[in-house]
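Engineer: Let me give you the structure first, and then I'll get to my questions.
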Amino acid sequence: MLFVLLAHVTLIQAFGSHALNADRRNERTLIDRYGRPRGDILTYDGTPIATSLPIGGPYRYRRAYPRGEEYAAVTGHVSLHRTTGIEQAQDAVLSGDDAKVRVRSLVGDGTVEGADLRLTIRDRVQRAAYQGLRAAGLPGAVVALDPATGAVLGLATYPTYDPNTLTTFDGKLLADTARRLRQTPSQPLLNRALNQLYPPGSTFKLVTAAAAIASGEYTPTGAVHAPARLRLPGAPAYLETGRCGNGRPTLAYAFQASCDTAFAAIGLQLGQDLLREQAEAFGFNAGQLRIPLLATPSRYPPVEDRTQMALAAIGHHDNRVTPLMVAMLSAAVANNGVLMRPYLVEEARLPDGAVINRASPVPYRTAVPPMLARYLAAMMTAVSPDRGKGAEAPGLSKAPGVSDVTGVPGVRMAAKTAASDGVPGEHAVITAFAPAEAPEVAVGVVLERPGDRVDAVATIARAVIAAALR
């Protein structure tokens, strides 16, 4: 009997411990987890956005989020039985379970404490993004990137939730709150910036224009075919764009005026393979990207006929993007065609001040050659988000209303918008960067079904860019 008991205990310790620790009924695991403070999560500026507060009872520390709703899409939350956001992605570092953290603790006084995380998020950029979304009152998201490094300067989603409501140790209250949030039609728990896919609309013309110029068959100042109505091959339907120059505008003009028929015709001429290759060079159809939050892949779909090819070339059909991908389009153009891998964590630092991890910017992919990037940047600079679809555009690099569009004197913004597509039920999208001559920030903004408030995307983009440049 003694040997049977010893064998049983050995089996439990060696093979059953993981299952027992993962069992929600195991109070010892929870007491240990909340018996020591997790590391703080800080913005790049040093503002705490997640911290541990000492409390009474068997659980000695409770997680708190000082600016909960504003940063919920970034921090996520720690609750009794679930962890999300950065709290989940960097759980080992924050909790002290990471090997580097444990080794330093053993070398020191033996007390295991989590490391602090300093993110790449800038306070003023995040505030501008969140307040812009809240002022618009529409579901949507904003992502701001540093084109030169890939650092995420701002990441906000709306509607959102207060993570503090999910840190309670009252099991019934926690279950009721979580159920209410899951059942809310506006989906406040959804991270729209990283995990919601939207039709890119006219912002995809940036990809089509890049493929056109890269093919060698088109130049920014060369004429393109842009009829008022284009018959879709194999379908009893027409694509209408209205007046677009004299029917033979330059590629730059067609881009600035967002001529659907011109870009649909370009897509038909280039063919499926060139469009797909260029889209994938920007990051479409890539594997899941971790920043370290997991981002849903944007997709350029397979096409079954030439009608679908024409629609895909203008951002319709089944093209889908995340707001992160929308920002990445501009970031690639702004950085001379090189898209840097986006990242959220700048460094991890132990309580004694020692840095155990520090970000190192790395290229993600080459979207376009440098010269082509400069062509695209010039065409984007000539498009003012105020002017909308079908507006007149007299030249490649100058257009009324471009100067000072960010609200920062002397700064010009390069942009491509789908906000003026104006179809009921459609989403408003803008991709932009600034300053146009020496880019420091790239932005992607998406608003769901804005109706007659399509200009709100440009307003939000300007505010975020202005905050980044101040």
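Ligands are numbered from 1 in the order shown, residues from 1 within each chain, and chains are lettered A, B, ... in the order they appear in the structure tokens.
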Extract the full set of strand (DSSP E) residues from range 34-184 of chain A according to DSSP on the backbone, and format it as a PyMOL selection string.

Structural biologist: chain A and resi 41-42+48-54+61-64+116-119+140-145+152-158

Engineer: Running DSSP on the backbone, which parts of range 168-348 of chain A land in helix (DSSP H, G or I), as number ranges by chain?

Structural biologist: A: 171-183, 192-195, 201-214, 251-257, 260-270, 272-282, 306-313, 323-334

Engineer: Have a look at CA of Ala223 in chain A and CA of Thr250 in chain A and let me know their distance in Å, one decimal.

Structural biologist: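 Spanning CA of Ala223 in chain A to CA of Thr250 in chain A is a straight-line distance of 4.2 Å.
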
Engineer: Give me the residues near Leu289 in chain A as a list in words, where near means some atom within 12 Å (using only C-alpha atoms) and where sequence neighbours in that chain fewer than 4 positions away do not count.

Structural biologist: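 What passes the distance filter is Leu194, Asn195, Gly283, Phe284, Asn285, Leu293, Leu294, Ala295, Thr296, Pro297, Ser298, Thr322, Leu324, Met325, Arg341, Pro342, Tyr343 and Tyr364 of chain A.
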
Engineer: Select, from A:Thr366, A:Gln256, A:Thr165, A:Thr203, the residue with the minimum atom-to-atom distance to His316 in chain A, counting only C-alpha atoms.

Structural biologist: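 With only C-alpha atoms as the atom set, the closest residue is A:Thr203.
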
Engineer: Find, counting only C-alpha atoms, the residue in A:Leu189, A:Ile55, A:Ala7, A:Ala367 that gets nearest to Ala72 in chain A.

Structural biologist: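 Under the stated criterion, the closest residue is A:Leu189.
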
Engineer: Any idea what's packed within 6 Å of Glu448 in chain A, counting only C-alpha atoms, ignoring anything in its chain fewer than 4 positions away? Could you give it as a list of chain:residue names?

Structural biologist: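 With the cut-off at 6 Å, the set is A:Pro139, A:Gly140, A:His427.
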
Engineer: The selected residues should be written to file as a PDB file, in the first residue's frame (atoms: C-alpha atoms).

Structural biologist:
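Wrote it out as part_19.pdb, contents follow:
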ATOM      1  CA  PRO A 139     -18.039  52.174 -34.153  1.00  0.00           C
ATOM      2  CA  GLY A 140     -14.525  52.217 -35.529  1.00  0.00           C
ATOM      3  CA  HIS A 427     -17.690  52.305 -44.128  1.00  0.00           C
TER       4      HIS A 427
END

Engineer: At what distance in Å, to one decimal, does CA of Arg299 in chain A lie from CA of Thr417 in chain A?

Structural biologist: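 Answer for the CA of Thr417 in chain A to CA of Arg299 in chain A separation: 18.9 Å.
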
Engineer: What's around range 151-157 of chain A at 8 Å? Count only C-alpha atoms, leave out sequence neighbours fewer than 3 positions away in its own chain, and write the answer as a PyMOL selection string.

Structural biologist: chain A and resi 70-71+73-74+120-122+125-126+129-130+133+139-147+160+191-193+342-344+361+468

Engineer: I need the residue nearest Val103 in chain A from this list: A:Leu350, A:Ala332, A:Leu11, A:Val326. Use only C-alpha atoms for the distance.

Structural biologist: A:Leu350

Engineer: Quick check, in Å to one decimal: how far apart do CA of Pro363 in chain A and CA of Ser330 in chain A lie?

Structural biologist: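 About the pair CA of Pro363 in chain A and CA of Ser330 in chain A: they are 15.0 Å apart.
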
Engineer: Please determine, counting only C-alpha atoms, which residue among A:Val101, A:Leu339, A:Leu117, A:Ala428 has the shortest atom-to-atom distance to Ala89 in chain A.

Structural biologist: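 Ranking A:Val101, A:Leu339, A:Leu117, A:Ala428 by distance to Ala89 in chain A, first place goes to A:Leu117.
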
Engineer: Which residues, written as a list in words, have at least one atom at most 9 Å from range 179-186 of chain A, with only C-alpha atoms counted and residues fewer than 3 positions away on the same chain left out?

Structural biologist: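 The neighbour list is Pro139, Tyr158, Pro159, Thr160, Tyr161, Leu174, Ala175, Asp176, Leu189 and Leu190 of chain A.
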
Engineer: Write a file of the just-selected residues containing N, CA and C atoms, as an mmCIF file, in the first residue's frame.

Structural biologist:
data_model
loop_
_atom_site.group_PDB
_atom_site.id
_atom_site.type_symbol
_atom_site.label_atom_id
_atom_site.label_comp_id
_atom_site.auth_asym_id
_atom_site.auth_seq_id
_atom_site.Cartn_x
_atom_site.Cartn_y
_atom_site.Cartn_z
ATOM 1 N N PRO A 139 -18.990 53.270 -34.317
ATOM 2 C CA PRO A 139 -18.039 52.174 -34.153
ATOM 3 C C PRO A 139 -16.876 52.343 -35.127
ATOM 4 N N TYR A 158 -13.581 51.803 -30.665
ATOM 5 C CA TYR A 158 -14.811 52.329 -30.080
ATOM 6 C C TYR A 158 -16.002 51.626 -30.728
ATOM 7 N N PRO A 159 -17.020 51.246 -29.927
ATOM 8 C CA PRO A 159 -17.156 51.365 -28.475
ATOM 9 C C PRO A 159 -16.161 50.454 -27.751
ATOM 10 N N THR A 160 -15.930 50.783 -26.507
ATOM 11 C CA THR A 160 -14.995 50.013 -25.714
ATOM 12 C C THR A 160 -15.611 49.715 -24.352
ATOM 13 N N TYR A 161 -14.821 49.271 -23.416
ATOM 14 C CA TYR A 161 -15.329 48.898 -22.096
ATOM 15 C C TYR A 161 -14.329 49.336 -21.039
ATOM 16 N N LEU A 174 -18.705 39.159 -11.512
ATOM 17 C CA LEU A 174 -17.836 39.050 -12.680
ATOM 18 C C LEU A 174 -18.552 38.348 -13.825
ATOM 19 N N ALA A 175 -19.232 37.252 -13.532
ATOM 20 C CA ALA A 175 -19.944 36.510 -14.579
ATOM 21 C C ALA A 175 -21.037 37.353 -15.199
ATOM 22 N N ASP A 176 -21.780 38.096 -14.366
ATOM 23 C CA ASP A 176 -22.865 38.946 -14.885
ATOM 24 C C ASP A 176 -22.318 40.058 -15.759
ATOM 25 N N LEU A 189 -16.173 44.472 -26.445
ATOM 26 C CA LEU A 189 -14.986 43.653 -26.195
ATOM 27 C C LEU A 189 -14.168 43.401 -27.460
ATOM 28 N N LEU A 190 -14.725 43.715 -28.631
ATOM 29 C CA LEU A 190 -14.042 43.476 -29.899
ATOM 30 C C LEU A 190 -12.959 44.527 -30.121
#

Engineer: Give me the residues near Thr208 in chain A as JSON, numbers by chain, where near means some atom within 10 Å (using only C-alpha atoms) and where sequence neighbours in that chain fewer than 6 positions away do not count.

Structural biologist: {"A": [202, 214, 255, 263, 264, 266, 267, 270, 274, 275, 276, 278, 279, 312, 313, 314, 315]}
